[in-house]
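upload11.pdb follows (PDB, C-alpha atoms, pLDDT in the B column):
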```
MODEL        1
ATOM      1  CA  MET A 175      -4.911 -53.542  -8.138  1.00 40.00           C
ATOM      2  CA  THR A 176      -2.476 -51.936 -10.618  1.00 44.00           C
ATOM      3  CA  LYS A 177      -1.832 -48.221 -10.986  1.00 41.00           C
ATOM      4  CA  SER A 178      -3.556 -48.173 -14.371  1.00 42.00           C
ATOM      5  CA  GLU A 179      -6.654 -49.765 -12.837  1.00 41.00           C
ATOM      6  CA  ILE A 180      -6.669 -47.164 -10.049  1.00 38.00           C
ATOM      7  CA  ASN A 181      -6.377 -44.323 -12.591  1.00 45.00           C
ATOM      8  CA  SER A 182      -9.119 -45.948 -14.629  1.00 42.00           C
ATOM      9  CA  ASP A 183     -11.370 -46.040 -11.573  1.00 45.00           C
ATOM     10  CA  ARG A 184     -10.684 -42.375 -10.900  1.00 49.00           C
ATOM     11  CA  LYS A 185     -11.525 -41.284 -14.447  1.00 50.00           C
ATOM     12  CA  PRO A 186     -14.618 -39.093 -14.136  1.00 53.00           C
ATOM     13  CA  ASP A 187     -17.803 -39.645 -16.122  1.00 53.00           C
ATOM     14  CA  PHE A 188     -19.014 -36.522 -17.897  1.00 55.00           C
ATOM     15  CA  SER A 189     -21.883 -38.121 -19.781  1.00 55.00           C
ATOM     16  CA  HIS A 190     -24.470 -36.436 -17.557  1.00 63.00           C
ATOM     17  CA  LEU A 191     -23.397 -32.947 -18.750  1.00 65.00           C
ATOM     18  CA  ASP A 192     -25.121 -31.381 -21.744  1.00 73.00           C
ATOM     19  CA  THR A 193     -23.479 -29.169 -24.364  1.00 82.00           C
ATOM     20  CA  SER A 194     -24.553 -25.899 -22.735  1.00 84.00           C
ATOM     21  CA  GLU A 195     -23.004 -26.845 -19.387  1.00 82.00           C
ATOM     22  CA  ILE A 196     -19.710 -27.749 -21.023  1.00 83.00           C
ATOM     23  CA  ALA A 197     -19.794 -24.496 -23.016  1.00 87.00           C
ATOM     24  CA  ALA A 198     -20.445 -22.539 -19.822  1.00 89.00           C
ATOM     25  CA  LEU A 199     -17.426 -24.202 -18.217  1.00 91.00           C
ATOM     26  CA  GLY A 200     -15.328 -23.128 -21.176  1.00 91.00           C
ATOM     27  CA  ILE A 201     -16.478 -19.526 -20.776  1.00 94.00           C
ATOM     28  CA  VAL A 202     -15.689 -19.476 -17.055  1.00 95.00           C
ATOM     29  CA  ARG A 203     -12.227 -20.921 -17.625  1.00 96.00           C
ATOM     30  CA  ALA A 204     -11.440 -18.590 -20.523  1.00 96.00           C
ATOM     31  CA  VAL A 205     -12.334 -15.575 -18.405  1.00 98.00           C
ATOM     32  CA  GLY A 206     -10.238 -17.028 -15.568  1.00 98.00           C
ATOM     33  CA  TYR A 207      -7.179 -17.420 -17.791  1.00 97.00           C
ATOM     34  CA  GLY A 208      -7.742 -13.898 -19.079  1.00 98.00           C
ATOM     35  CA  LEU A 209      -7.801 -12.506 -15.534  1.00 98.00           C
ATOM     36  CA  ILE A 210      -4.563 -14.347 -14.752  1.00 98.00           C
ATOM     37  CA  ILE A 211      -2.872 -12.848 -17.834  1.00 98.00           C
ATOM     38  CA  LEU A 212      -4.144  -9.363 -16.946  1.00 98.00           C
ATOM     39  CA  THR A 213      -2.820  -9.822 -13.411  1.00 98.00           C
ATOM     40  CA  ILE A 214       0.631 -10.737 -14.704  1.00 97.00           C
ATOM     41  CA  LEU A 215       0.689  -7.654 -16.944  1.00 98.00           C
ATOM     42  CA  ASP A 216      -0.501  -5.486 -14.070  1.00 98.00           C
ATOM     43  CA  TRP A 217       2.112  -6.824 -11.656  1.00 97.00           C
ATOM     44  CA  VAL A 218       4.889  -6.343 -14.218  1.00 97.00           C
ATOM     45  CA  SER A 219       3.778  -2.729 -14.635  1.00 97.00           C
ATOM     46  CA  ILE A 220       3.736  -2.197 -10.855  1.00 97.00           C
ATOM     47  CA  LEU A 221       7.113  -3.823 -10.227  1.00 96.00           C
ATOM     48  CA  THR A 222       9.024  -2.040 -12.983  1.00 94.00           C
ATOM     49  CA  PRO A 223      11.303  -0.303 -12.604  1.00 94.00           C
ATOM     50  CA  LEU A 224      12.475  -2.104  -9.487  1.00 95.00           C
ATOM     51  CA  ASN A 225      13.492   0.166  -6.635  1.00 95.00           C
ATOM     52  CA  VAL A 226      14.256  -2.246  -3.829  1.00 92.00           C
ATOM     53  CA  MET A 227      15.721  -0.919  -0.573  1.00 93.00           C
ATOM     54  CA  ASN A 228      13.513   2.140  -0.995  1.00 96.00           C
ATOM     55  CA  PRO A 229      10.926   1.899   1.816  1.00 96.00           C
ATOM     56  CA  VAL A 230       8.488   4.253   0.088  1.00 97.00           C
ATOM     57  CA  TRP A 231       8.520   2.230  -3.145  1.00 98.00           C
ATOM     58  CA  GLU A 232       8.345  -1.101  -1.307  1.00 97.00           C
ATOM     59  CA  PHE A 233       5.462   0.053   0.882  1.00 98.00           C
ATOM     60  CA  GLN A 234       3.397   1.527  -1.950  1.00 98.00           C
ATOM     61  CA  THR A 235       4.106  -1.393  -4.285  1.00 98.00           C
ATOM     62  CA  PHE A 236       3.039  -3.882  -1.627  1.00 98.00           C
ATOM     63  CA  GLY A 237      -0.185  -1.940  -1.151  1.00 98.00           C
ATOM     64  CA  GLN A 238      -0.960  -1.856  -4.875  1.00 98.00           C
ATOM     65  CA  ILE A 239      -0.448  -5.608  -5.198  1.00 98.00           C
ATOM     66  CA  VAL A 240      -2.575  -6.405  -2.141  1.00 98.00           C
ATOM     67  CA  GLU A 241      -5.410  -4.173  -3.327  1.00 97.00           C
ATOM     68  CA  ARG A 242      -5.446  -5.983  -6.690  1.00 97.00           C
ATOM     69  CA  VAL A 243      -5.255  -9.509  -5.250  1.00 98.00           C
ATOM     70  CA  PRO A 244      -8.990 -10.318  -5.714  1.00 98.00           C
ATOM     71  CA  VAL A 245      -8.432 -10.451  -9.486  1.00 98.00           C
ATOM     72  CA  PRO A 246      -5.868 -13.318  -9.514  1.00 98.00           C
ATOM     73  CA  LEU A 247      -7.815 -15.169  -6.801  1.00 98.00           C
ATOM     74  CA  ILE A 248     -10.980 -15.053  -8.882  1.00 98.00           C
ATOM     75  CA  GLY A 249      -9.039 -15.908 -12.028  1.00 98.00           C
ATOM     76  CA  LEU A 250      -7.429 -18.977 -10.442  1.00 98.00           C
ATOM     77  CA  ALA A 251     -10.721 -20.173  -8.984  1.00 97.00           C
ATOM     78  CA  MET A 252     -12.337 -19.865 -12.421  1.00 97.00           C
ATOM     79  CA  ALA A 253      -9.414 -21.635 -14.121  1.00 97.00           C
ATOM     80  CA  PHE A 254      -9.734 -24.634 -11.781  1.00 96.00           C
ATOM     81  CA  TRP A 255     -13.530 -24.665 -12.010  1.00 94.00           C
ATOM     82  CA  GLY A 256     -15.011 -27.965 -13.101  1.00 90.00           C
ATOM     83  CA  GLY A 257     -12.054 -30.187 -12.264  1.00 90.00           C
ATOM     84  CA  PHE A 258     -11.095 -32.525 -15.103  1.00 89.00           C
ATOM     85  CA  ILE A 259     -14.269 -31.907 -17.098  1.00 88.00           C
ATOM     86  CA  ASN A 260     -13.607 -31.168 -20.788  1.00 85.00           C
ATOM     87  CA  ARG A 261      -9.953 -30.228 -20.403  1.00 87.00           C
ATOM     88  CA  ARG A 262      -7.867 -29.744 -23.527  1.00 85.00           C
ATOM     89  CA  ARG A 263      -4.654 -31.634 -24.174  1.00 82.00           C
ATOM     90  CA  GLY A 264      -1.821 -30.125 -22.166  1.00 87.00           C
ATOM     91  CA  GLU A 265      -4.169 -28.105 -19.986  1.00 92.00           C
ATOM     92  CA  ILE A 266      -3.645 -30.391 -16.979  1.00 93.00           C
ATOM     93  CA  GLY A 267       0.083 -29.671 -17.050  1.00 93.00           C
ATOM     94  CA  PHE A 268      -0.633 -25.941 -17.081  1.00 95.00           C
ATOM     95  CA  LEU A 269      -3.031 -26.336 -14.172  1.00 96.00           C
ATOM     96  CA  LYS A 270      -0.306 -28.134 -12.214  1.00 96.00           C
ATOM     97  CA  LEU A 271       1.910 -25.085 -12.690  1.00 97.00           C
ATOM     98  CA  LEU A 272      -0.921 -22.825 -11.539  1.00 97.00           C
ATOM     99  CA  SER A 273      -1.423 -25.018  -8.485  1.00 97.00           C
ATOM    100  CA  LEU A 274       2.246 -24.685  -7.562  1.00 97.00           C
ATOM    101  CA  LEU A 275       2.004 -20.954  -8.234  1.00 97.00           C
ATOM    102  CA  THR A 276      -0.682 -20.633  -5.558  1.00 98.00           C
ATOM    103  CA  LEU A 277       1.730 -22.066  -2.977  1.00 98.00           C
ATOM    104  CA  PHE A 278       4.470 -19.696  -4.123  1.00 98.00           C
ATOM    105  CA  LEU A 279       2.150 -16.684  -3.900  1.00 98.00           C
ATOM    106  CA  ALA A 280       0.953 -17.725  -0.442  1.00 98.00           C
ATOM    107  CA  LEU A 281       4.535 -17.815   0.812  1.00 98.00           C
ATOM    108  CA  VAL A 282       5.358 -14.482  -0.852  1.00 98.00           C
ATOM    109  CA  PHE A 283       2.431 -12.710   0.788  1.00 98.00           C
ATOM    110  CA  TYR A 284       3.276 -14.171   4.193  1.00 98.00           C
ATOM    111  CA  LEU A 285       6.950 -13.217   3.869  1.00 98.00           C
ATOM    112  CA  LEU A 286       6.161  -9.661   2.781  1.00 97.00           C
ATOM    113  CA  ILE A 287       4.278  -8.922   6.003  1.00 98.00           C
ATOM    114  CA  PRO A 288       7.397  -8.502   8.225  1.00 98.00           C
ATOM    115  CA  LEU A 289       9.011  -6.347   5.523  1.00 97.00           C
ATOM    116  CA  THR A 290       5.958  -4.097   5.403  1.00 97.00           C
ATOM    117  CA  ILE A 291       5.911  -3.728   9.190  1.00 98.00           C
ATOM    118  CA  THR A 292       9.586  -2.734   9.078  1.00 98.00           C
ATOM    119  CA  ASN A 293       8.929  -0.255   6.263  1.00 98.00           C
ATOM    120  CA  THR A 294       6.042   1.222   8.252  1.00 98.00           C
ATOM    121  CA  MET A 295       8.380   2.008  11.133  1.00 98.00           C
ATOM    122  CA  ARG A 296      11.050   3.368   8.773  1.00 98.00           C
ATOM    123  CA  LEU A 297       8.563   5.641   7.006  1.00 98.00           C
ATOM    124  CA  ASP A 298       7.166   6.895  10.303  1.00 98.00           C
ATOM    125  CA  LYS A 299      10.690   7.766  11.409  1.00 97.00           C
ATOM    126  CA  GLN A 300      11.386   9.522   8.097  1.00 97.00           C
ATOM    127  CA  ASN A 301       8.164  11.531   8.340  1.00 96.00           C
ATOM    128  CA  THR A 302       8.950  12.558  11.909  1.00 96.00           C
ATOM    129  CA  THR A 303      12.464  13.637  10.940  1.00 97.00           C
ATOM    130  CA  GLN A 304      11.208  15.702   7.990  1.00 96.00           C
ATOM    131  CA  ILE A 305       8.555  17.424  10.082  1.00 96.00           C
ATOM    132  CA  ASP A 306      10.965  18.108  12.944  1.00 96.00           C
ATOM    133  CA  ASN A 307      13.553  19.591  10.572  1.00 97.00           C
ATOM    134  CA  ALA A 308      10.943  21.852   8.981  1.00 96.00           C
ATOM    135  CA  LEU A 309       9.710  22.845  12.446  1.00 96.00           C
ATOM    136  CA  LYS A 310      13.210  23.746  13.631  1.00 95.00           C
ATOM    137  CA  GLN A 311      13.790  25.838  10.520  1.00 96.00           C
ATOM    138  CA  GLN A 312      10.534  27.770  10.936  1.00 95.00           C
ATOM    139  CA  ILE A 313      11.086  28.287  14.665  1.00 94.00           C
ATOM    140  CA  ALA A 314      14.614  29.536  13.954  1.00 94.00           C
ATOM    141  CA  GLN A 315      13.226  32.056  11.459  1.00 92.00           C
ATOM    142  CA  ALA A 316      10.679  33.263  14.012  1.00 90.00           C
ATOM    143  CA  GLU A 317      13.326  33.613  16.722  1.00 90.00           C
ATOM    144  CA  ASN A 318      15.605  35.461  14.321  1.00 91.00           C
ATOM    145  CA  PHE A 319      12.765  37.873  13.613  1.00 85.00           C
ATOM    146  CA  GLU A 320      12.232  38.245  17.359  1.00 86.00           C
ATOM    147  CA  GLN A 321      15.891  39.185  17.834  1.00 88.00           C
ATOM    148  CA  LYS A 322      15.581  41.818  15.135  1.00 84.00           C
ATOM    149  CA  ILE A 323      12.633  43.280  17.005  1.00 82.00           C
ATOM    150  CA  ASP A 324      14.661  43.503  20.207  1.00 82.00           C
ATOM    151  CA  GLN A 325      17.533  45.246  18.416  1.00 83.00           C
ATOM    152  CA  ALA A 326      15.426  47.551  16.232  1.00 76.00           C
ATOM    153  CA  ASN A 327      15.086  51.257  16.894  1.00 80.00           C
ATOM    154  CA  SER A 328      11.926  53.310  16.543  1.00 78.00           C
ATOM    155  CA  GLU A 329      12.439  54.098  12.847  1.00 76.00           C
ATOM    156  CA  GLN A 330      13.109  50.444  11.952  1.00 78.00           C
ATOM    157  CA  ILE A 331      10.022  49.345  13.886  1.00 75.00           C
ATOM    158  CA  ASN A 332       7.863  51.876  12.059  1.00 74.00           C
ATOM    159  CA  GLN A 333       9.213  50.680   8.705  1.00 75.00           C
ATOM    160  CA  LEU A 334       8.446  47.105   9.695  1.00 74.00           C
ATOM    161  CA  LEU A 335       4.902  47.999  10.731  1.00 73.00           C
ATOM    162  CA  ARG A 336       4.262  49.949   7.518  1.00 72.00           C
ATOM    163  CA  ALA A 337       5.554  46.998   5.467  1.00 74.00           C
ATOM    164  CA  GLN A 338       2.983  44.803   7.186  1.00 70.00           C
ATOM    165  CA  GLY A 339       0.201  47.383   6.868  1.00 70.00           C
ATOM    166  CA  ILE A 340      -0.001  48.035  10.601  1.00 69.00           C
ATOM    167  CA  ASN A 341      -0.683  51.480  12.022  1.00 68.00           C
ATOM    168  CA  PRO A 342       1.352  51.975  15.212  1.00 65.00           C
ATOM    169  CA  GLY A 343      -0.951  54.754  16.406  1.00 66.00           C
ATOM    170  CA  ASP A 344       0.080  56.452  19.633  1.00 66.00           C
ATOM    171  CA  LYS A 345       1.757  53.386  21.122  1.00 69.00           C
ATOM    172  CA  SER A 346       5.228  53.687  22.552  1.00 74.00           C
ATOM    173  CA  LEU A 347       8.180  51.708  21.220  1.00 75.00           C
ATOM    174  CA  PRO A 348       8.182  49.200  24.139  1.00 80.00           C
ATOM    175  CA  GLN A 349       4.450  48.615  23.661  1.00 80.00           C
ATOM    176  CA  ILE A 350       4.899  48.015  19.945  1.00 76.00           C
ATOM    177  CA  LYS A 351       7.765  45.620  20.581  1.00 80.00           C
ATOM    178  CA  ASP A 352       5.729  43.732  23.166  1.00 83.00           C
ATOM    179  CA  GLU A 353       2.879  43.415  20.687  1.00 81.00           C
ATOM    180  CA  LEU A 354       5.211  42.143  17.971  1.00 82.00           C
ATOM    181  CA  ARG A 355       6.780  39.651  20.379  1.00 85.00           C
ATOM    182  CA  SER A 356       3.299  38.433  21.257  1.00 88.00           C
ATOM    183  CA  ARG A 357       2.541  37.897  17.569  1.00 85.00           C
ATOM    184  CA  VAL A 358       5.811  36.038  17.095  1.00 88.00           C
ATOM    185  CA  PHE A 359       4.992  33.854  20.100  1.00 91.00           C
ATOM    186  CA  GLN A 360       1.539  33.067  18.689  1.00 93.00           C
ATOM    187  CA  SER A 361       3.108  32.304  15.328  1.00 92.00           C
ATOM    188  CA  LYS A 362       5.558  29.860  16.933  1.00 94.00           C
ATOM    189  CA  GLU A 363       2.727  28.141  18.792  1.00 95.00           C
ATOM    190  CA  GLN A 364       0.754  27.802  15.556  1.00 96.00           C
ATOM    191  CA  ILE A 365       3.799  26.339  13.828  1.00 95.00           C
ATOM    192  CA  LYS A 366       4.267  23.794  16.627  1.00 95.00           C
ATOM    193  CA  ASN A 367       0.579  22.855  16.634  1.00 96.00           C
ATOM    194  CA  GLN A 368       0.550  22.472  12.857  1.00 96.00           C
ATOM    195  CA  ALA A 369       3.663  20.294  12.987  1.00 96.00           C
ATOM    196  CA  GLN A 370       2.086  18.095  15.646  1.00 96.00           C
ATOM    197  CA  PHE A 371      -1.126  17.826  13.630  1.00 97.00           C
ATOM    198  CA  THR A 372       0.811  16.908  10.482  1.00 96.00           C
ATOM    199  CA  ARG A 373       2.884  14.357  12.389  1.00 97.00           C
ATOM    200  CA  ASN A 374      -0.201  12.703  13.894  1.00 97.00           C
ATOM    201  CA  SER A 375      -2.094  12.794  10.594  1.00 97.00           C
ATOM    202  CA  ARG A 376       0.725  11.165   8.627  1.00 97.00           C
ATOM    203  CA  ARG A 377       1.246   8.557  11.322  1.00 97.00           C
ATOM    204  CA  MET A 378      -2.451   7.691  11.404  1.00 98.00           C
ATOM    205  CA  ASN A 379      -2.675   7.401   7.603  1.00 98.00           C
ATOM    206  CA  LEU A 380       0.477   5.284   7.548  1.00 98.00           C
ATOM    207  CA  LEU A 381      -0.823   2.942  10.245  1.00 98.00           C
ATOM    208  CA  LYS A 382      -4.222   2.644   8.563  1.00 98.00           C
ATOM    209  CA  SER A 383      -2.624   1.674   5.252  1.00 98.00           C
ATOM    210  CA  SER A 384      -0.178  -0.706   6.939  1.00 98.00           C
ATOM    211  CA  ILE A 385      -2.890  -2.491   8.932  1.00 98.00           C
ATOM    212  CA  LYS A 386      -5.191  -2.684   5.913  1.00 98.00           C
ATOM    213  CA  TRP A 387      -2.518  -4.091   3.610  1.00 98.00           C
ATOM    214  CA  ASN A 388      -1.026  -6.484   6.167  1.00 98.00           C
ATOM    215  CA  VAL A 389      -4.438  -7.921   7.017  1.00 98.00           C
ATOM    216  CA  GLY A 390      -5.113  -8.141   3.282  1.00 98.00           C
ATOM    217  CA  ALA A 391      -1.826 -10.010   2.834  1.00 98.00           C
ATOM    218  CA  VAL A 392      -2.793 -12.491   5.569  1.00 98.00           C
ATOM    219  CA  VAL A 393      -6.169 -13.095   3.915  1.00 98.00           C
ATOM    220  CA  ALA A 394      -4.585 -13.373   0.458  1.00 98.00           C
ATOM    221  CA  GLY A 395      -1.875 -15.752   1.671  1.00 98.00           C
ATOM    222  CA  THR A 396      -4.462 -17.919   3.422  1.00 98.00           C
ATOM    223  CA  LEU A 397      -6.670 -18.067   0.322  1.00 98.00           C
ATOM    224  CA  PHE A 398      -3.741 -18.910  -1.938  1.00 98.00           C
ATOM    225  CA  MET A 399      -2.716 -21.627   0.510  1.00 98.00           C
ATOM    226  CA  TYR A 400      -6.290 -22.944   0.475  1.00 98.00           C
ATOM    227  CA  LEU A 401      -6.258 -23.009  -3.322  1.00 98.00           C
ATOM    228  CA  TRP A 402      -3.021 -24.978  -3.245  1.00 98.00           C
ATOM    229  CA  ARG A 403      -4.479 -27.566  -0.870  1.00 97.00           C
ATOM    230  CA  ALA A 404      -7.805 -27.671  -2.708  1.00 97.00           C
ATOM    231  CA  THR A 405      -6.088 -28.330  -6.059  1.00 97.00           C
ATOM    232  CA  ALA A 406      -4.183 -31.403  -4.914  1.00 96.00           C
ATOM    233  CA  TRP A 407      -6.347 -33.343  -7.386  1.00 94.00           C
ATOM    234  CA  VAL A 408      -4.624 -31.718 -10.361  1.00 95.00           C
ATOM    235  CA  ARG A 409      -1.121 -32.318  -8.995  1.00 91.00           C
ATOM    236  CA  GLU A 410      -1.939 -35.975  -8.331  1.00 90.00           C
ATOM    237  CA  GLY A 411      -3.850 -36.465 -11.566  1.00 72.00           C
TER     238      GLY A 411
ENDMDL
END
```

Could you render the structure from this file as structure tokens?
Amino acid sequence: MTKSEINSDRKPDFSHLDTSEIAALGIVRAVGYGLIILTILDWVSILTPLNVMNPVWEFQTFGQIVERVPVPLIGLAMAFWGGFINRRRGEIGFLKLLSLLTLFLALVFYLLIPLTITNTMRLDKQNTTQIDNALKQQIAQAENFEQKIDQANSEQINQLLRAQGINPGDKSLPQIKDELRSRVFQSKEQIKNQAQFTRNSRRMNLLKSSIKWNVGAVVAGTLFMYLWRATAWVREG
């Protein structure tokens, strides 16, 4: 059997479809192409201006793309809907490009996962460093204030209390200093607790986003790979 005879045997018969069914296919495909165009515009907007080597930009950009991935998946599925039925001239060639694009996107999503994991660790380290630096600065200020208390005389202590709206009453200077030291100690503990809370909160939010987006990338890559395998008919047609 010759190649032309094989292709002739494969040629589908659309005679069983009525006009409304063919029109409905056209609507589905038009919407699919529209979603693909909107996705391209959206991705261009997200990716520009490029700021590669910046872990914050890379991480957030990856997340935005993953969260929008249902749109191109739906658009591609709609574009391929109906197989060869009522395709315009040149449309098959465009579908072949879309089929190859699904493979490219699958590989991109898979390859971005290790980068995102690395960026997650880099961002966690950056957050920890920022919080620790701020903590050290605040603790240093508190300790400096504590030293001033130790070195202050009675008049300076009274001025300090009046500035803070505190009435020293009949307390002696050592008692007042002990009370101020206690307040400084409590303040330092609050600063440390707040820093720990902020550190844990940022780490948890970072991990939640990383896990969500990496799992989303695995699902997206798998679906794009499935689309590539499922559209072998257009590449062989």

Checklist entry - Which residues fall under the PyMOL selection byres ((chain A and resi 277-282) around 12) in this file, as a PyMOL selection string? => result chain A and resi 236+239-240+243+246-247+250+270-276+283-289+390-406

Checklist entry - With distances taken over all atoms listed in the file, which of A:Phe233, A:Ile211, A:Ala253, A:Ile365 is nearest to Glu265 in chain A? => result A:Ala253

Checklist entry - Within 12 Å of Asn327 in chain A, counting only C-alpha atoms, which residues qualify if same-chain residues fewer than 4 places away don't, as a list in words? => result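 Here the qualifying residues turn out to be Lys322, Ile323, Ile331, Asn332, Gln333, Leu334, Ser346, Leu347, Pro348, Ile350 and Lys351 of chain A.
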
Next on the checklist: With only C-alpha atoms as the counted atoms, please give the residues lying no more than 10 Å from Met295 in chain A, apart from itself and same-chain residues fewer than 6 positions off, as a ChimeraX atom specification.
Outcome noted: /A:229,301,377,380-381,384

Item to check | Within 12 Å of Val226 in chain A using all atoms listed in the file, minus same-chain residues under 4 positions, as a PyMOL selection string | outcome: chain A and resi 221-222+230-236+289+293

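Remark: residues at most 8 Å from position (-12.4, -22.4, -19.8) in file coordinates are Leu199, Gly200, Ile201, Val202, Arg203, Ala204, Val205, Gly206, Tyr207, Met252 and Ala253 of chain A, using all atoms listed in the file.
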
Next on the checklist: Since I can't run it myself right now, could you work out what the PyMOL selection byres ((chain A and resi 313-318) around 9) selects here and report it as a ChimeraX atom specification?
Outcome noted: /A:308-312,319-323,358-359,361-362,365-366

Would you export the selected residues with C-alpha atoms as a tab-separated table (two decimals), in the coordinates of the input, please?
```tsv
chain	number	residue	atom	x	y	z
A	308	ALA	CA	10.94	21.85	8.98
A	309	LEU	CA	9.71	22.84	12.45
A	310	LYS	CA	13.21	23.75	13.63
A	311	GLN	CA	13.79	25.84	10.52
A	312	GLN	CA	10.53	27.77	10.94
A	319	PHE	CA	12.76	37.87	13.61
A	320	GLU	CA	12.23	38.24	17.36
A	321	GLN	CA	15.89	39.18	17.83
A	322	LYS	CA	15.58	41.82	15.14
A	323	ILE	CA	12.63	43.28	17.00
A	358	VAL	CA	5.81	36.04	17.10
A	359	PHE	CA	4.99	33.85	20.10
A	361	SER	CA	3.11	32.30	15.33
A	362	LYS	CA	5.56	29.86	16.93
A	365	ILE	CA	3.80	26.34	13.83
A	366	LYS	CA	4.27	23.79	16.63
```

Next on the checklist: Report, in Å with one decimal, the straight-line distance from CA of Arg373 in chain A to CA of Ile305 in chain A.
Outcome noted: 6.8 Å

Given 4 Å of margin on each side, can you work out the centre and size in Å (one decimal) of an axis-aligned box holding every listed atom of range 370-389 of chain A, as AutoDock Vina command-line options?
```
--center_x -1.2 --center_y 5.1 --center_z 9.6 --size_x 16.1 --size_y 34.0 --size_z 20.0
```

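CA of Leu215 in chain A is found 27.6 Å from CA of Phe258 in chain A.
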
Item to check | For CA of Ile259 in chain A and CA of Ile214 in chain A, the interatomic separation in Å (one decimal) | outcome: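 Those two atoms sit 26.0 Å apart.
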